[in-house]
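Before any comments, here is the structure.
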Amino acid sequence: MLGLGGGLFTFAALFYFAASYEHLTGWKWALASIAVTITVNQLFPASFIFVLPAQFGLFLVMWWANTKNKVQREAEREQREQEAQRERQQRVSRARDEAATNTDWDAQEREREAAAAAALKERQDRVRLAREQREREERDMGKGTGT
């Protein structure tokens, strides 16, 4: 039994440290190693020679899965970078278009001043009309009381 426990621990530790070296989560690798060792020992009791190829096979499968995941993550990262680049280019294009349409600052300022002058003239006209109306009403009342 010591041989089985020692073998389990040895392979589990080996896979844990190999995974840590590769910057992966070592616990998955260690648990998979323990599961492979137990399965092989149950299928072929007292045959340690079958454990080594099974562990090597597990290593190859885990290495392949890790490589595939790395490639997938790199492709996703590259796609996100391209999308971000495209978005930045669109923002720059929009800003340039807005800047191109708003280059005549003096004309815009003149338009604002003209609008302000028109609003001032309109207010003055309303005040003048209201004053005239009030004066007419006062005269009409003065005529009505004086008659």
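Scheme for the structure tokens: letters A, B, ... for chains in order shown; per-chain residue numbers from 1; ligand numbers from 1 in order shown.
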- Task: May I have the residues within 9 Å of stretch 62-69 of chain A as a list in words, using only C-alpha atoms and disregarding those fewer than 4 positions away in the same chain?
- Result: Leu24, Trp29, Gly57, Leu58, Arg73 and Glu74 of chain A
- Task: Could you jot down the atom CA of A:Ala119 to atom CA of A:Arg134 separation for me, Å, one decimal place?
- Result: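 Atom-to-atom, atom CA of A:Ala119 to atom CA of A:Arg134, that is 22.5 Å.
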- Item | Distance criterion (only C-alpha atoms): nearest to A:Ala54 out of A:Arg136, A:Thr10, A:Val36, A:Glu111 |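 Checking each of A:Arg136, A:Thr10, A:Val36, A:Glu111 against A:Ala54, counting only C-alpha atoms, the winner is A:Val36.
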Select from stretch 79-121 of chain A every residue with an atom at most 12 Å from any atom of stretch 125-129 of chain A, then for each give the shortest pair of atoms and their distance in Å to one decimal, using only C-alpha atoms, rows by chain and rising number, as a tab-separated table.
```
residue	atom	partner	partner_atom	distance
A:Ala118	CA	A:Asp125	CA	10.4
A:Ala119	CA	A:Asp125	CA	9.8
A:Leu120	CA	A:Asp125	CA	8.6
A:Lys121	CA	A:Asp125	CA	6.1
```
Mind dumping the selected residues with N, CA and C atoms as a short mmCIF file (atom, residue, chain, number, x, y, z; two decimals), in the first residue's frame?
```cif
data_model
loop_
_atom_site.label_atom_id
_atom_site.label_comp_id
_atom_site.auth_asym_id
_atom_site.auth_seq_id
_atom_site.Cartn_x
_atom_site.Cartn_y
_atom_site.Cartn_z
N ALA A 118 -30.79 89.89 -32.65
CA ALA A 118 -32.20 89.74 -33.03
C ALA A 118 -33.07 89.53 -31.79
N ALA A 119 -32.59 88.74 -30.85
CA ALA A 119 -33.35 88.51 -29.62
C ALA A 119 -33.47 89.81 -28.83
N LEU A 120 -32.40 90.60 -28.76
CA LEU A 120 -32.44 91.88 -28.05
C LEU A 120 -33.42 92.84 -28.71
N LYS A 121 -33.37 92.90 -30.03
CA LYS A 121 -34.30 93.79 -30.76
C LYS A 121 -35.74 93.36 -30.51
#
```
